[in-house]
>>> print(open('target.txt').read())   # compact mmCIF, C-alpha atoms and all ligand atoms
# COMPACT_ATOMS: atom_id res chain seq x y z
CA MET A 57 0.00 0.00 0.00
CA ASN A 58 2.29 2.73 -1.20
CA TYR A 59 -0.16 4.88 -3.18
CA ASP A 60 2.21 5.32 -6.12
CA ARG A 61 -0.51 6.60 -8.43
CA VAL A 62 -1.65 9.13 -5.88
CA ARG A 63 1.98 10.17 -5.45
CA GLU A 64 2.34 10.94 -9.16
CA VAL A 65 -0.53 13.37 -8.94
CA ASP A 66 -0.32 14.62 -5.41
CA PRO A 67 2.74 13.86 -3.27
CA ALA A 68 1.32 15.68 -0.27
CA ALA A 69 -1.82 13.54 -0.22
CA ALA A 70 0.27 10.40 -0.83
CA ASP A 71 2.42 11.28 2.17
CA ALA A 72 -0.66 11.61 4.33
CA LEU A 73 -2.16 8.33 3.08
CA GLY A 74 1.10 6.46 3.51
CA GLY A 75 1.58 8.06 6.90
CA GLU A 76 -1.81 6.77 7.97
CA VAL A 77 -0.96 3.19 6.97
CA LYS A 78 2.23 3.46 8.99
CA ARG A 79 0.39 5.02 11.95
CA GLN A 80 -2.08 2.14 11.97
CA GLN A 81 0.75 -0.39 11.68
CA ASP A 82 2.78 1.16 14.48
CA THR A 83 0.06 1.93 17.02
CA LEU A 84 -2.56 -0.02 18.93
CA ALA A 85 -6.02 1.05 17.72
CA MET A 86 -8.18 0.82 20.82
CA ILE A 87 -10.89 3.31 19.96
CA ALA A 88 -13.87 1.03 20.52
CA SER A 89 -15.69 2.08 17.36
CA GLU A 90 -12.73 1.37 15.09
CA ASN A 91 -11.59 -1.75 13.31
CA HIS A 92 -9.14 -2.81 10.59
CA VAL A 93 -11.02 -3.97 7.49
CA SER A 94 -9.49 -6.46 5.07
CA GLU A 95 -7.69 -5.40 1.93
CA ALA A 96 -10.58 -6.94 0.00
CA VAL A 97 -13.00 -4.49 1.64
CA MET A 98 -10.62 -1.61 0.91
CA GLU A 99 -10.29 -2.67 -2.71
CA ALA A 100 -14.07 -2.74 -3.08
CA GLN A 101 -14.33 0.71 -1.50
CA GLY A 102 -11.71 1.99 -3.89
CA SER A 103 -13.53 0.55 -6.90
CA ALA A 104 -14.98 2.19 -10.01
CA LEU A 105 -18.41 2.23 -8.40
CA THR A 106 -17.38 5.53 -6.86
CA ASN A 107 -18.14 6.98 -10.30
CA LYS A 108 -21.68 5.71 -10.54
CA TYR A 109 -24.89 7.54 -9.81
CA ALA A 110 -27.56 5.07 -8.74
CA GLU A 111 -30.33 7.11 -7.14
CA GLY A 112 -33.18 4.77 -6.32
CA TYR A 113 -33.03 1.12 -5.33
CA PRO A 114 -32.04 -2.10 -7.15
CA GLY A 115 -34.33 -2.61 -10.14
CA SER A 116 -35.77 0.89 -9.88
CA ARG A 117 -33.15 3.57 -10.49
CA TYR A 118 -33.36 7.09 -11.81
CA TYR A 119 -30.30 6.58 -14.04
CA ALA A 120 -29.19 4.20 -16.78
CA GLY A 121 -26.24 1.85 -16.47
CA CYS A 122 -27.02 0.56 -13.00
CA GLU A 123 -26.81 -3.18 -13.62
CA HIS A 124 -23.63 -3.68 -11.60
CA ALA A 125 -24.69 -1.23 -8.95
CA ASP A 126 -27.85 -3.32 -8.63
CA GLU A 127 -25.85 -6.53 -8.31
CA VAL A 128 -23.63 -5.13 -5.60
CA GLU A 129 -26.44 -3.56 -3.60
CA GLN A 130 -28.50 -6.74 -3.84
CA LEU A 131 -25.53 -8.77 -2.57
CA ALA A 132 -25.14 -6.45 0.40
CA ILE A 133 -28.86 -6.67 1.17
CA GLU A 134 -29.08 -10.47 0.90
CA ARG A 135 -26.02 -10.98 3.06
CA ALA A 136 -27.25 -8.53 5.69
CA LYS A 137 -30.55 -10.40 5.83
CA GLU A 138 -28.65 -13.61 6.42
CA LEU A 139 -26.30 -12.09 8.99
CA TRP A 140 -28.94 -10.43 11.15
CA GLY A 141 -32.13 -12.26 10.16
CA ALA A 142 -33.97 -9.09 9.20
CA GLU A 143 -36.98 -9.03 6.84
CA HIS A 144 -36.08 -5.73 5.22
CA VAL A 145 -32.69 -4.08 4.91
CA ASN A 146 -31.59 -0.69 3.57
CA VAL A 147 -27.81 -0.49 3.00
CA GLN A 148 -27.74 3.05 1.62
CA PRO A 149 -27.30 5.21 4.74
CA HIS A 150 -23.98 7.03 4.42
CA SER A 151 -23.24 6.42 8.09
CA GLY A 152 -24.82 5.24 11.31
CA THR A 153 -26.05 8.75 11.99
CA GLN A 154 -27.78 8.82 8.58
CA ALA A 155 -29.35 5.45 9.38
CA ASN A 156 -30.88 6.93 12.52
CA MET A 157 -31.93 9.98 10.55
CA GLY A 158 -33.74 7.69 8.12
CA VAL A 159 -35.77 6.16 10.94
CA TYR A 160 -36.64 9.50 12.54
CA LEU A 161 -37.61 11.04 9.19
CA ALA A 162 -39.75 8.01 8.38
CA MET A 163 -41.58 7.74 11.68
CA LEU A 164 -41.52 11.09 13.50
CA ASP A 165 -42.78 14.61 12.90
CA PRO A 166 -40.82 17.61 14.12
CA GLY A 167 -41.68 18.16 17.78
CA ASP A 168 -42.26 14.45 18.45
CA ARG A 169 -40.66 12.93 21.50
CA ILE A 170 -37.48 10.86 21.75
CA LEU A 171 -36.45 9.07 24.94
CA SER A 172 -32.78 8.07 24.80
CA LEU A 173 -29.71 7.51 26.95
CA ASP A 174 -27.76 10.58 28.05
CA LEU A 175 -24.57 11.11 26.00
CA ASN A 176 -22.57 11.36 29.24
CA HIS A 177 -23.88 7.93 30.21
CA GLY A 178 -22.88 6.27 26.93
CA GLY A 179 -25.48 7.52 24.43
CA HIS A 180 -24.81 8.96 20.98
CA LEU A 181 -25.11 12.45 19.48
CA SER A 182 -27.71 11.20 16.98
CA HIS A 183 -30.02 10.16 19.82
CA GLY A 184 -31.09 13.70 20.63
CA HIS A 185 -28.09 15.79 21.63
CA GLN A 186 -28.63 19.54 21.38
CA ALA A 187 -25.69 19.92 19.00
CA ASN A 188 -27.27 17.38 16.61
CA PHE A 189 -30.32 17.84 14.37
CA THR A 190 -32.20 15.42 16.61
CA GLY A 191 -31.91 17.76 19.57
CA GLN A 192 -33.11 20.65 17.45
CA LEU A 193 -36.03 18.99 15.64
CA TYR A 194 -37.45 16.78 18.37
CA GLU A 195 -38.33 17.01 22.02
CA VAL A 196 -35.84 14.88 23.86
CA GLU A 197 -35.65 13.40 27.34
CA GLN A 198 -32.84 11.20 28.43
CA TYR A 199 -32.53 8.22 30.71
CA GLU A 200 -29.42 7.19 32.56
CA VAL A 201 -27.45 4.28 33.85
CA ASP A 202 -27.59 3.45 37.55
CA GLU A 203 -24.59 5.31 38.95
CA GLU A 204 -23.93 2.61 41.53
CA THR A 205 -23.95 -0.38 39.20
CA GLY A 206 -23.18 1.19 35.83
CA TYR A 207 -26.01 -0.83 34.26
CA ILE A 208 -28.93 0.73 32.36
CA ASP A 209 -31.62 1.63 34.86
CA TYR A 210 -34.40 -0.25 33.06
CA GLU A 211 -36.93 0.44 35.80
CA GLY A 212 -36.17 4.13 35.73
CA LEU A 213 -36.46 4.04 31.95
CA HIS A 214 -39.88 2.41 32.22
CA GLU A 215 -41.12 5.02 34.71
CA GLN A 216 -39.68 7.84 32.64
CA ALA A 217 -41.44 6.51 29.54
CA GLU A 218 -44.74 6.57 31.41
CA GLU A 219 -44.20 10.17 32.48
CA PHE A 220 -42.77 11.53 29.24
CA ASP A 221 -44.93 9.54 26.79
CA PRO A 222 -42.31 9.37 24.00
CA ASP A 223 -43.03 8.56 20.36
CA ILE A 224 -39.81 6.56 20.13
CA VAL A 225 -37.47 4.99 22.66
CA VAL A 226 -33.86 4.58 21.57
CA SER A 227 -31.60 1.81 22.88
CA GLY A 228 -28.07 0.91 21.78
CA TYR A 229 -25.05 2.87 22.92
CA SER A 230 -21.52 4.10 22.26
CA ALA A 231 -19.83 3.55 25.59
CA TYR A 232 -21.74 0.80 27.36
CA PRO A 233 -19.76 -2.27 28.35
CA ARG A 234 -22.67 -4.55 29.21
CA GLU A 235 -25.13 -6.63 27.21
CA VAL A 236 -28.24 -4.59 26.41
CA ASP A 237 -31.56 -6.12 27.42
CA PHE A 238 -33.57 -5.12 24.35
CA GLU A 239 -36.67 -6.94 25.64
CA ARG A 240 -36.85 -4.69 28.67
CA VAL A 241 -36.53 -1.55 26.55
CA GLN A 242 -39.22 -2.97 24.27
CA ALA A 243 -41.50 -3.52 27.27
CA ALA A 244 -41.07 0.12 28.29
CA ALA A 245 -41.84 1.27 24.72
CA ASP A 246 -44.85 -1.04 24.48
CA ALA A 247 -46.24 0.28 27.75
CA VAL A 248 -46.65 3.73 26.19
CA ASP A 249 -47.26 2.67 22.58
CA ALA A 250 -43.93 4.09 21.48
CA LEU A 251 -41.68 2.76 18.75
CA HIS A 252 -38.34 1.24 19.67
CA LEU A 253 -35.17 1.97 17.74
CA ALA A 254 -32.27 -0.29 18.68
CA ASP A 255 -29.06 1.32 17.44
CA ILE A 256 -26.47 -1.47 17.43
CA ALA A 257 -23.75 0.63 15.75
CA HIS A 258 -21.01 -0.69 18.02
CA ILE A 259 -22.15 -4.26 18.39
CA THR A 260 -23.29 -5.14 14.84
CA GLY A 261 -20.58 -7.79 14.57
CA LEU A 262 -21.25 -9.22 18.02
CA VAL A 263 -24.95 -9.51 17.23
CA ALA A 264 -24.31 -11.05 13.80
CA ALA A 265 -22.04 -13.66 15.39
CA GLY A 266 -24.53 -14.44 18.14
CA VAL A 267 -22.31 -13.32 21.01
CA HIS A 268 -24.73 -10.52 21.95
CA GLU A 269 -28.52 -10.79 22.12
CA SER A 270 -30.16 -9.53 18.91
CA PRO A 271 -32.80 -6.81 18.82
CA VAL A 272 -33.93 -7.96 15.35
CA GLY A 273 -37.50 -9.19 15.72
CA VAL A 274 -37.78 -7.36 19.05
CA ALA A 275 -37.35 -3.66 18.26
CA ASP A 276 -39.31 -1.96 15.45
CA PHE A 277 -36.12 -0.65 13.88
CA VAL A 278 -32.50 -1.70 14.12
CA THR A 279 -29.76 0.60 12.84
CA GLY A 280 -26.03 0.31 12.77
CA SER A 281 -22.70 1.46 11.44
CA THR A 282 -21.09 -1.05 9.09
CA HIS A 283 -17.44 -0.30 9.84
CA LYS A 284 -17.30 -1.04 13.56
CA THR A 285 -17.39 -4.62 14.92
CA ILE A 286 -18.90 -5.96 11.66
CA ARG A 287 -15.72 -4.81 9.88
CA SER A 288 -17.20 -4.03 6.45
CA GLY A 289 -17.31 -0.95 4.22
CA ARG A 290 -17.81 2.38 5.92
CA GLY A 291 -21.42 3.45 6.32
CA GLY A 292 -24.76 2.63 7.89
CA ILE A 293 -27.63 0.17 7.68
CA ILE A 294 -31.30 0.02 8.66
CA MET A 295 -33.22 -3.17 9.36
CA CYS A 296 -36.95 -3.56 9.96
CA ASP A 297 -39.97 -5.72 9.29
CA GLU A 298 -41.42 -5.73 5.78
CA GLU A 299 -44.37 -3.61 6.99
CA HIS A 300 -42.06 -0.62 7.46
CA ALA A 301 -40.09 -1.00 4.21
CA ASP A 302 -42.19 1.61 2.44
CA ASP A 303 -41.63 4.07 5.29
CA ILE A 304 -37.88 3.58 5.54
CA ASP A 305 -36.72 3.44 1.92
CA PRO A 306 -38.17 6.80 0.79
CA ALA A 307 -36.98 8.42 4.03
CA VAL A 308 -33.37 7.42 3.25
CA PHE A 309 -33.65 8.36 -0.45
CA PRO A 310 -34.88 10.91 -1.38
CA GLY A 311 -35.80 11.96 2.15
CA GLY A 312 -32.38 12.48 3.63
CA GLN A 313 -29.82 11.55 1.00
CA GLY A 314 -29.06 11.79 -2.70
CA GLY A 315 -27.12 9.19 -4.64
CA PRO A 316 -25.92 6.17 -2.67
CA LEU A 317 -22.18 5.71 -2.10
CA MET A 318 -22.04 2.61 -4.27
CA HIS A 319 -18.34 1.99 -3.61
CA ASN A 320 -19.04 1.87 0.10
CA ILE A 321 -21.99 -0.41 -0.50
CA ALA A 322 -19.57 -2.68 -2.37
CA GLY A 323 -17.37 -2.62 0.74
CA LYS A 324 -20.41 -3.59 2.81
CA ALA A 325 -21.18 -6.52 0.46
CA VAL A 326 -17.62 -7.83 0.69
CA GLY A 327 -17.33 -7.32 4.46
CA PHE A 328 -20.68 -9.02 5.04
CA LYS A 329 -19.48 -11.95 2.93
CA GLU A 330 -16.45 -12.24 5.16
CA ALA A 331 -18.65 -12.08 8.24
CA LEU A 332 -20.72 -15.00 6.94
CA GLU A 333 -17.61 -17.20 6.96
CA PRO A 334 -17.32 -19.50 9.98
CA GLY A 335 -14.19 -17.70 11.20
CA PHE A 336 -16.14 -14.56 12.00
CA GLU A 337 -17.86 -16.16 14.96
CA ASP A 338 -14.45 -17.01 16.41
CA TYR A 339 -13.38 -13.43 15.79
CA ALA A 340 -16.37 -12.00 17.64
CA GLU A 341 -15.88 -14.40 20.57
CA GLN A 342 -12.23 -13.42 20.70
CA VAL A 343 -13.15 -9.72 20.73
CA VAL A 344 -15.24 -10.25 23.87
CA GLU A 345 -12.70 -12.52 25.57
CA ASN A 346 -9.97 -9.97 24.83
CA ALA A 347 -12.04 -7.21 26.42
CA GLU A 348 -12.58 -9.40 29.49
CA VAL A 349 -8.85 -10.05 29.80
CA LEU A 350 -8.06 -6.37 29.34
CA GLY A 351 -10.59 -5.48 32.04
CA GLU A 352 -9.27 -8.09 34.47
CA THR A 353 -5.70 -6.92 33.90
CA LEU A 354 -6.69 -3.33 34.67
CA VAL A 355 -8.70 -4.34 37.75
CA ASP A 356 -5.70 -6.34 39.03
CA ARG A 357 -3.70 -3.15 38.70
CA GLY A 358 -6.20 -1.23 40.82
CA PHE A 359 -8.31 0.42 38.14
CA GLY A 360 -12.06 0.77 38.58
CA LEU A 361 -14.30 -0.26 35.69
CA VAL A 362 -17.78 1.09 35.09
CA SER A 363 -20.12 -1.84 35.87
CA GLY A 364 -17.11 -3.75 37.19
CA GLY A 365 -16.33 -5.45 33.90
CA THR A 366 -17.62 -6.11 30.41
CA ASP A 367 -19.81 -8.41 28.30
CA THR A 368 -18.83 -6.75 25.05
CA HIS A 369 -15.95 -5.37 23.03
CA LEU A 370 -15.06 -2.50 25.34
CA VAL A 371 -14.14 -1.54 28.85
CA LEU A 372 -14.77 1.83 30.43
CA ALA A 373 -12.24 2.65 33.14
CA ASP A 374 -13.24 5.20 35.77
CA LEU A 375 -10.03 6.82 37.02
CA ARG A 376 -11.56 8.87 39.83
CA GLU A 377 -10.76 6.50 42.70
CA SER A 378 -7.64 4.82 41.42
CA HIS A 379 -6.01 7.93 39.91
CA PRO A 380 -7.77 11.00 41.33
CA ASP A 381 -5.26 13.40 39.79
CA VAL A 382 -5.29 11.90 36.31
CA THR A 383 -8.07 13.04 33.99
CA GLY A 384 -9.34 11.03 31.05
CA SER A 385 -7.67 13.42 28.65
CA ASP A 386 -4.36 13.23 30.57
CA ALA A 387 -4.49 9.47 30.15
CA GLU A 388 -5.50 9.67 26.49
CA GLU A 389 -2.61 12.01 25.73
CA ALA A 390 0.01 10.03 27.65
CA LEU A 391 -1.10 6.77 26.04
CA GLU A 392 -1.09 8.24 22.56
CA ALA A 393 2.49 9.33 23.12
CA VAL A 394 3.52 5.66 23.49
CA GLY A 395 1.37 4.41 20.62
CA ILE A 396 -1.82 3.35 22.38
CA VAL A 397 -4.71 5.17 20.75
CA LEU A 398 -7.96 5.32 22.69
CA ASN A 399 -10.26 8.04 23.95
CA ALA A 400 -11.09 9.90 27.12
CA ASN A 401 -14.70 9.24 28.01
CA THR A 402 -17.20 10.55 30.50
CA VAL A 403 -18.30 8.14 33.21
CA PRO A 404 -21.67 7.88 34.97
CA GLY A 405 -21.87 10.66 37.56
CA GLU A 406 -19.14 12.56 35.71
CA THR A 407 -17.66 15.41 37.74
CA ARG A 408 -15.40 16.92 35.06
CA SER A 409 -16.23 18.61 31.77
CA PRO A 410 -16.86 16.19 28.89
CA PHE A 411 -13.73 17.52 27.16
CA VAL A 412 -11.58 16.46 30.09
CA ALA A 413 -13.63 13.54 31.48
CA SER A 414 -12.70 11.06 34.19
CA GLY A 415 -12.58 7.84 32.24
CA VAL A 416 -11.05 6.13 29.26
CA ARG A 417 -12.86 3.83 26.86
CA ALA A 418 -10.83 0.99 25.36
CA GLY A 419 -12.05 -1.46 22.74
CA THR A 420 -10.67 -4.69 21.33
CA PRO A 421 -12.21 -5.06 17.81
CA ALA A 422 -9.22 -3.66 15.90
CA LEU A 423 -6.53 -5.43 17.93
CA THR A 424 -8.41 -8.71 17.61
CA SER A 425 -8.48 -8.22 13.83
CA ARG A 426 -4.70 -7.98 14.03
CA GLY A 427 -4.55 -11.34 15.74
CA PHE A 428 -4.20 -10.26 19.37
CA GLY A 429 -5.32 -12.87 21.90
CA PRO A 430 -5.47 -13.00 25.71
CA ALA A 431 -1.68 -13.09 26.17
CA GLU A 432 -1.24 -9.91 24.13
CA MET A 433 -4.19 -8.24 25.87
CA GLU A 434 -2.53 -8.81 29.24
CA GLN A 435 0.54 -7.07 27.91
CA VAL A 436 -1.54 -4.23 26.51
CA GLY A 437 -3.32 -3.84 29.86
CA ALA A 438 0.02 -3.73 31.64
CA CYS A 439 1.27 -1.05 29.24
CA ILE A 440 -1.82 1.05 29.88
CA ALA A 441 -1.48 0.66 33.65
CA ASP A 442 2.24 1.47 33.62
CA ILE A 443 1.61 4.69 31.73
CA VAL A 444 -1.40 5.87 33.72
CA ASP A 445 0.39 5.04 37.01
CA ASN A 446 3.42 7.07 35.92
CA ILE A 447 2.12 10.03 33.93
CA GLY A 448 5.03 12.13 32.67
CA ASP A 449 7.78 9.63 33.63
CA GLU A 450 10.01 9.59 30.59
CA ASP A 451 11.84 6.38 31.44
CA VAL A 452 8.58 4.51 31.74
CA MET A 453 7.36 6.06 28.53
CA ALA A 454 10.47 5.01 26.61
CA GLU A 455 10.24 1.48 27.93
CA VAL A 456 6.50 1.11 27.20
CA THR A 457 6.97 2.58 23.71
CA GLU A 458 9.30 -0.34 22.98
CA ARG A 459 6.85 -2.90 24.31
CA VAL A 460 4.06 -1.39 22.18
CA GLN A 461 6.32 -1.41 19.13
CA ASP A 462 7.17 -5.07 19.67
CA LEU A 463 3.48 -5.96 19.84
CA CYS A 464 2.83 -4.05 16.61
CA ASP A 465 5.77 -5.69 14.85
CA GLU A 466 4.63 -9.16 15.91
CA HIS A 467 1.22 -8.52 14.35
CA PRO A 468 1.69 -6.79 11.00
CA LEU A 469 -1.45 -5.25 9.59
CA TYR A 470 -0.90 -5.38 5.85
CA GLU A 471 1.71 -6.98 3.61
C1 LIG A 501 -20.89 5.16 16.06
C2 LIG A 501 -22.33 5.30 16.44
C3 LIG A 501 -23.30 5.77 15.53
C4 LIG A 501 -23.03 6.26 14.15
O1 LIG A 501 -21.86 6.77 13.89
P1 LIG A 501 -21.42 7.21 12.42
O2 LIG A 501 -20.12 7.79 12.74
O3 LIG A 501 -22.41 8.20 11.94
O4 LIG A 501 -21.39 5.96 11.59
C5 LIG A 501 -24.61 5.79 15.90
N1 LIG A 501 -24.99 5.34 17.11
C6 LIG A 501 -24.11 4.87 18.00
C7 LIG A 501 -24.63 4.37 19.29
C8 LIG A 501 -22.75 4.85 17.70
O5 LIG A 501 -21.89 4.40 18.60
>>> encode(input="target.txt", output="structure tokens", more="lines below")
Ligand SMILES: *Cc1c(COP(=O)(O)O)cnc(C)c1O
Amino acid sequence: MNYDRVREVDPAAADALGGEVKRQQDTLAMIASENHVSEAVMEAQGSALTNKYAEGYPGSRYYAGCEHADEVEQLAIERAKELWGAEHVNVQPHSGTQANMGVYLAMLDPGDRILSLDLNHGGHLSHGHQANFTGQLYEVEQYEVDEETGYIDYEGLHEQAEEFDPDIVVSGYSAYPREVDFERVQAAADAVDALHLADIAHITGLVAAGVHESPVGVADFVTGSTHKTIRSGRGGIIMCDEEHADDIDPAVFPGGQGGPLMHNIAGKAVGFKEALEPGFEDYAEQVVENAEVLGETLVDRGFGLVSGGTDTHLVLADLRESHPDVTGSDAEEALEAVGIVLNANTVPGETRSPFVASGVRAGTPALTSRGFGPAEMEQVGACIADIVDNIGDEDVMAEVTERVQDLCDEHPLYE
């Protein structure tokens, strides 16, 4: 991957692209929403389909010359149906946020009510944050996790639904380490005749592999990003029962988007094909086991974890008790300096500003794609602990940088 043809045209861009390959090779990608897709997925995303306008849906396009666009989109749809067991699938959303937008546009009117998890408790901007269109178009109330246990407060959610009378309840989160009980969210939505949108952006791959309970067939709508744990082309997806197909499809196009990103849809088709291979289940199981090992390693080193552990692909460390003087952003910065890339994250009951935060979120999908197993995750956990225990100590930093580099070298990303 040396981008020679880019270099002939644009050396500056080629430097940046090559630099990014090297950065990914030489650092540990632990941002929980990230992954390393295969070169096959990248090739599909870099294909000639980027040139094609295919407004509409397979078999019913507004432009000529769509036969191969149709084939690719149909492949992505059929494979998604098989992976998640959905009746109807729309693979055109440009991202997970656009997938959610499709559902809101289809089912809500401006001023309607959304009940969703607070961003500071692990929710997502597209669930009603004031800085997002959802916060501006709809009336939003937010539920929380139980600050003692770190688990979703399902009872509180149920009571809040009865008081607020939402039109839609949103489940599915960005920084929640535990299995989501979609049935309980559904019960709260049913109690007030609200719709239920389960946004499985982070856990698409875990759900497809059967290592996390599926909301398909439970919630009215299931949305996701396609580049996180499912490791396919970058973008979004919506799944629903056939009865809502005619609401969803026109809301995505022409409601909220123009021409589909057919090259990304090709990446989705190829990534979904990979996820249908038997090895993907092992991958997803390994992702979860790796997160468990990472969590246990950190707990052994005195760190506190929100909810005490994990059932998923991520851990959320709360530094307030173990490292009262280290903020989430201090930790993020110090870890990045030694090649461990993760993010500061708010924790339930956050006492600092969200820009500083008191926690760090660490995920295992990308490292697992590189072939990391439990033994490597113990080493990664030890590196994280050594750095956070010794912020600013240059000897420790130099030594951990070498350990990180060895781990990267032992697990090359691309040929
Ligand atoms: C990542 C994420 C999304 C969508 O993100 P995009 O960057 O728009 O793909 C939506 N919901 C949740 C819960 C997420 O974590």
>>> axis_aligned_box(input="target.txt", around="ligand LIG 501 (chain A)", padding_each_side="3 Å", output="JSON")
{"center_x": -22.6, "center_y": 6.3, "center_z": 15.4, "size_x": 10.9, "size_y": 9.8, "size_z": 13.7}
>>> residues_around(input="target.txt", residues="Thr205 (chain A)", least_positions_apart="3", cutoff="10 Å", atoms="all atoms listed in the file", output="PDB file with C-alpha atoms, keeping the file's coordinate frame")
ATOM      1  CA  VAL A 201     -27.450   4.280  33.850  1.00  0.00           C
ATOM      2  CA  ASP A 202     -27.590   3.450  37.550  1.00  0.00           C
ATOM      3  CA  ILE A 208     -28.930   0.730  32.360  1.00  0.00           C
ATOM      4  CA  ASP A 209     -31.620   1.630  34.860  1.00  0.00           C
ATOM      5  CA  VAL A 362     -17.780   1.090  35.090  1.00  0.00           C
ATOM      6  CA  SER A 363     -20.120  -1.840  35.870  1.00  0.00           C
ATOM      7  CA  GLY A 364     -17.110  -3.750  37.190  1.00  0.00           C
ATOM      8  CA  PRO A 404     -21.670   7.880  34.970  1.00  0.00           C
TER       9      PRO A 404
END
>>> residues_near_ligand(input="target.txt", ligand="ligand LIG 501 (chain A)", cutoff="9 Å", atoms="all atoms listed in the file", output="JSON, numbers by chain")
{"A": [88, 89, 150, 151, 152, 153, 154, 155, 156, 178, 179, 180, 181, 182, 183, 227, 228, 229, 230, 231, 254, 255, 256, 257, 258, 259, 279, 280, 281, 282, 283, 284, 290, 291, 292]}
>>> write_last_selection(input="target.txt", atoms="C-alpha atoms", output="PDB file, keeping the file's coordinate frame")
ATOM      1  CA  ALA A  88     -13.870   1.030  20.520  1.00  0.00           C
ATOM      2  CA  SER A  89     -15.690   2.080  17.360  1.00  0.00           C
ATOM      3  CA  HIS A 150     -23.980   7.030   4.420  1.00  0.00           C
ATOM      4  CA  SER A 151     -23.240   6.420   8.090  1.00  0.00           C
ATOM      5  CA  GLY A 152     -24.820   5.240  11.310  1.00  0.00           C
ATOM      6  CA  THR A 153     -26.050   8.750  11.990  1.00  0.00           C
ATOM      7  CA  GLN A 154     -27.780   8.820   8.580  1.00  0.00           C
ATOM      8  CA  ALA A 155     -29.350   5.450   9.380  1.00  0.00           C
ATOM      9  CA  ASN A 156     -30.880   6.930  12.520  1.00  0.00           C
ATOM     10  CA  GLY A 178     -22.880   6.270  26.930  1.00  0.00           C
ATOM     11  CA  GLY A 179     -25.480   7.520  24.430  1.00  0.00           C
ATOM     12  CA  HIS A 180     -24.810   8.960  20.980  1.00  0.00           C
ATOM     13  CA  LEU A 181     -25.110  12.450  19.480  1.00  0.00           C
ATOM     14  CA  SER A 182     -27.710  11.200  16.980  1.00  0.00           C
ATOM     15  CA  HIS A 183     -30.020  10.160  19.820  1.00  0.00           C
ATOM     16  CA  SER A 227     -31.600   1.810  22.880  1.00  0.00           C
ATOM     17  CA  GLY A 228     -28.070   0.910  21.780  1.00  0.00           C
ATOM     18  CA  TYR A 229     -25.050   2.870  22.920  1.00  0.00           C
ATOM     19  CA  SER A 230     -21.520   4.100  22.260  1.00  0.00           C
ATOM     20  CA  ALA A 231     -19.830   3.550  25.590  1.00  0.00           C
ATOM     21  CA  ALA A 254     -32.270  -0.290  18.680  1.00  0.00           C
ATOM     22  CA  ASP A 255     -29.060   1.320  17.440  1.00  0.00           C
ATOM     23  CA  ILE A 256     -26.470  -1.470  17.430  1.00  0.00           C
ATOM     24  CA  ALA A 257     -23.750   0.630  15.750  1.00  0.00           C
ATOM     25  CA  HIS A 258     -21.010  -0.690  18.020  1.00  0.00           C
ATOM     26  CA  ILE A 259     -22.150  -4.260  18.390  1.00  0.00           C
ATOM     27  CA  THR A 279     -29.760   0.600  12.840  1.00  0.00           C
ATOM     28  CA  GLY A 280     -26.030   0.310  12.770  1.00  0.00           C
ATOM     29  CA  SER A 281     -22.700   1.460  11.440  1.00  0.00           C
ATOM     30  CA  THR A 282     -21.090  -1.050   9.090  1.00  0.00           C
ATOM     31  CA  HIS A 283     -17.440  -0.300   9.840  1.00  0.00           C
ATOM     32  CA  LYS A 284     -17.300  -1.040  13.560  1.00  0.00           C
ATOM     33  CA  ARG A 290     -17.810   2.380   5.920  1.00  0.00           C
ATOM     34  CA  GLY A 291     -21.420   3.450   6.320  1.00  0.00           C
ATOM     35  CA  GLY A 292     -24.760   2.630   7.890  1.00  0.00           C
TER      36      GLY A 292
END
>>> closest_residue(input="target.txt", among="A:Leu84, A:Val236, A:Ile304, A:Val145", to="Val267 (chain A)", atoms="only C-alpha atoms")
A:Val236
>>> closest_residue(input="target.txt", among="A:Gln148, A:Gln242, A:Ser94, A:Ser116", to="Asn320 (chain A)", atoms="all atoms listed in the file")
A:Gln148
>>> atom_distance(input="target.txt", atom1="CA of Phe220 (chain A)", atom2="CA of Ile170 (chain A)")
9.2 Å
>>> closest_residue(input="target.txt", among="A:Ile447, A:Ala438, A:Val326, A:Gln461", to="Glu389 (chain A)", atoms="all atoms listed in the file")
A:Ile447
>>> closest_residue(input="target.txt", among="A:Ala265, A:Glu218, A:Glu377, A:Pro306", to="Asp246 (chain A)", atoms="all atoms listed in the file")
A:Glu218
>>> closest_residue(input="target.txt", among="A:Leu251, A:Met157, A:Leu423, A:Ala70", to="Asn188 (chain A)", atoms="only C-alpha atoms")
A:Met157
>>> atom_distance(input="target.txt", atom1="CA of Pro380 (chain A)", atom2="CA of Val460 (chain A)")
25.7 Å
>>> atom_distance(input="target.txt", atom1="CA of Pro114 (chain A)", atom2="CA of Ala142 (chain A)")
17.9 Å
>>> residues_around(input="target.txt", residues="region 98-112 of chain A", least_positions_apart="5", cutoff="8 Å", atoms="all atoms listed in the file", output="MDAnalysis selection string")
chainID A and resid 93 117:119 122 125 289 309 314:323 326
>>> write_last_selection(input="target.txt", atoms="C-alpha atoms", output="short mmCIF file (atom, residue, chain, number, x, y, z; two decimals), keeping the file's coordinate frame")
data_model
loop_
_atom_site.label_atom_id
_atom_site.label_comp_id
_atom_site.auth_asym_id
_atom_site.auth_seq_id
_atom_site.Cartn_x
_atom_site.Cartn_y
_atom_site.Cartn_z
CA VAL A 93 -11.02 -3.97 7.49
CA ARG A 117 -33.15 3.57 -10.49
CA TYR A 118 -33.36 7.09 -11.81
CA TYR A 119 -30.30 6.58 -14.04
CA CYS A 122 -27.02 0.56 -13.00
CA ALA A 125 -24.69 -1.23 -8.95
CA GLY A 289 -17.31 -0.95 4.22
CA PHE A 309 -33.65 8.36 -0.45
CA GLY A 314 -29.06 11.79 -2.70
CA GLY A 315 -27.12 9.19 -4.64
CA PRO A 316 -25.92 6.17 -2.67
CA LEU A 317 -22.18 5.71 -2.10
CA MET A 318 -22.04 2.61 -4.27
CA HIS A 319 -18.34 1.99 -3.61
CA ASN A 320 -19.04 1.87 0.10
CA ILE A 321 -21.99 -0.41 -0.50
CA ALA A 322 -19.57 -2.68 -2.37
CA GLY A 323 -17.37 -2.62 0.74
CA VAL A 326 -17.62 -7.83 0.69
#
